[in-house]
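Each remark here refers to the structure printed beneath this line.
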Amino acid sequence: MSNRFCNIISEKCIIAEGFSFFLYRYNETIIKHELISFIFFFFFFFLVPDFRQIQFNSERFVPGHYRIYNYRRSHLTTSNINASYEYVSVGEWKIGRNDNGQLNLPIESIVWPGITTIPISRCSEPCRVGDLKQFQGDSCCWVCTPCNETSIVTGTDEHERCEQCQIGYWPTANRTACYKLKETHIEILSILALVPICLSIIGNILTFYVVILFYRKRETPVVKASGKELCFIMLAGIHLCYLMTFPILLRPNMITCIIQRLGIGLGFSMMYAALLTKTNRIARIFESTKKQGKLRPQYISPNSQVVICSCLIMVQILISLLWVAYEHPGTDLIAYDRLVILKCHMNKHSFLYSLIYNVLLVLICTMYAIRTRKVPENFNETKFIGFTCYTTCIIWFVNCFYFMKKQIIIVILF
């Protein structure tokens, strides 16, 4: 076999390229098989210009072997910009017999143009904390897209996404999880709460003093003429308005939110219903004196006045109850940056609608105050009623018009 092989090589293969030509020229299967086995199962070596060894492995492949070159000036010491450049071999990478790649690259032998430190070679810079990686078709290249400040980054590198934290939560420093923020509300002992509480206490004390004074002087002609029953209802409404300071400033919960909805409108309606009933009574009395044959109008007795006033108040109570049934009371969390404010759930428009009835009472009361402005001196309380109605209209309408432009409804308690 060896003699035959040598004869074939000497006859048909003058150089290495003749192997493939020879194999395709001859149809002798046995010779092909023997020749291939000889080439691939016995290592042999060829010498190349840089004296590398080329060998075949057991799978009939040539293992990878790469030379690494550094493109630089021919003479490193020269400063001439026209100096020639050349490729200088600085290392190699090859696969050994165990199929493991080996890199031989002395870093100090590489010359970097214009710098002394090793430059960073990568497609994309690492994203900052809170940025989302959006890959551009290659797992090595991406674009950093910042997430919202209230969002965290979830998922793996190739499937990252921004996930919004729930209301009342805020992202951690590394933007991987959300933590619950402390709920904030007006502290009962803070300056913002103590000032209105002190004013409310003073107003309640003064109102209670007037109630006691009216009760002690209830049989005097002045108190009887002013309509003591309506005065007591009016004082009760003023007292309720002052008391509403406390449920507004306390920590919001279901009970305090219900009290706010019912109490604010009820306090106003008690004052303005009593005021309207009184001005209506005075207007009807003096209009009846101008008519012949009917000097005493109907429903001007104290009991009738209380019933009329109570009916007007019941309308406001019904409106407030319908509001509670339609829009269930509760608490809301309003987030401002890292501040979470706990407040009663109350739509600004529905709150305004609940006060429309009180506005109607004030307008009708103002109309009667204008009609009774020329009554005799003995009924000079109508002047004070008229002054109250005028100032109330100005304060209510000016403030509502100004703040509704900013979509804020502010109720001023007087």
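How things are named: the first chain in the structure tokens is A, the next is B, and so on; residues count from 1 in each chain; ligands count from 1 in the order shown.
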message: From a backbone DSSP assignment, name each residue in stretch 109-331 of chain A labelled helix (DSSP H, G or I), as an MDAnalysis selection string.
response: chainID A and resid 109 157:159 191:216 221:226 228:243 245:249 254:288 302:326
- request: May I have the residues within 12 Å of A:Thr207 as a ChimeraX atom specification, using only C-alpha atoms and disregarding those fewer than 3 positions away in the same chain?
  value: /A:200-204,210-214,231-243
Can you write out the residues you just picked, keeping C-alpha atoms, as a tab-separated table (two decimals), in the first residue's frame?
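Okay, again.tsv is ready:
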```tsv
chain	number	residue	atom	x	y	z
A	200	SER	CA	-63.77	78.05	65.56
A	201	ILE	CA	-63.67	77.81	69.34
A	202	ILE	CA	-63.98	81.59	69.69
A	203	GLY	CA	-66.89	81.64	67.25
A	204	ASN	CA	-68.64	78.80	69.08
A	210	VAL	CA	-75.76	84.82	72.18
A	211	VAL	CA	-77.96	81.71	72.49
A	212	ILE	CA	-77.93	81.99	76.28
A	213	LEU	CA	-78.64	85.71	76.10
A	214	PHE	CA	-81.58	85.17	73.73
A	231	CYS	CA	-83.21	83.40	65.55
A	232	PHE	CA	-82.52	80.15	67.39
A	233	ILE	CA	-82.50	78.23	64.09
A	234	MET	CA	-80.13	80.78	62.61
A	235	LEU	CA	-77.80	80.59	65.63
A	236	ALA	CA	-77.84	76.80	65.40
A	237	GLY	CA	-76.75	77.04	61.75
A	238	ILE	CA	-73.92	79.43	62.67
A	239	HIS	CA	-72.87	77.08	65.48
A	240	LEU	CA	-72.87	74.11	63.04
A	241	CYS	CA	-70.70	76.01	60.54
A	242	TYR	CA	-68.11	76.67	63.23
A	243	LEU	CA	-68.21	73.02	64.32
```
- request: Compile the contact shell of stretch 171-181 of chain A as JSON, numbers by chain: residues with an atom at most 6 Å away, counting only C-alpha atoms, same-chain residues fewer than 2 positions apart removed.
  value: {"A": [130, 152, 153, 168, 169]}
- request: Name the residues of stretch 161-360 of chain A that fall into strand (DSSP E or B) according to DSSP on the backbone, using the chain letters and numbers of this document, as a PyMOL selection string.
  value: chain A and resi 161-164+169-171+178-180+183-184+331-336+339-344
Export, as a JSON list (two decimals), in the first residue's frame, the selected residues with C-alpha atoms.
```json
[["chain", "number", "residue", "atom", "x", "y", "z"],
["A", 161, "ARG", "CA", -40.25, 47.38, 30.45],
["A", 162, "CYS", "CA", -41.33, 50.38, 32.51],
["A", 163, "GLU", "CA", -43.94, 49.56, 35.14],
["A", 164, "GLN", "CA", -45.85, 52.36, 36.87],
["A", 169, "TYR", "CA", -46.04, 54.12, 46.16],
["A", 170, "TRP", "CA", -42.65, 55.38, 44.97],
["A", 171, "PRO", "CA", -39.69, 53.63, 43.24],
["A", 178, "CYS", "CA", -41.94, 50.25, 44.78],
["A", 179, "TYR", "CA", -42.30, 51.13, 48.43],
["A", 180, "LYS", "CA", -45.33, 52.64, 50.15],
["A", 183, "GLU", "CA", -49.90, 59.19, 53.96],
["A", 184, "THR", "CA", -50.00, 62.90, 54.78],
["A", 331, "THR", "CA", -60.97, 58.64, 50.91],
["A", 332, "ASP", "CA", -58.61, 59.39, 48.03],
["A", 333, "LEU", "CA", -54.82, 59.48, 47.79],
["A", 334, "ILE", "CA", -53.53, 62.48, 45.87],
["A", 335, "ALA", "CA", -49.86, 62.12, 44.88],
["A", 336, "TYR", "CA", -47.62, 65.16, 44.51],
["A", 339, "LEU", "CA", -45.98, 63.47, 48.94],
["A", 340, "VAL", "CA", -49.24, 61.54, 49.27],
["A", 341, "ILE", "CA", -52.18, 63.52, 50.62],
["A", 342, "LEU", "CA", -55.12, 61.71, 52.15],
["A", 343, "LYS", "CA", -58.40, 63.51, 51.48],
["A", 344, "CYS", "CA", -62.09, 62.82, 51.26]]
```
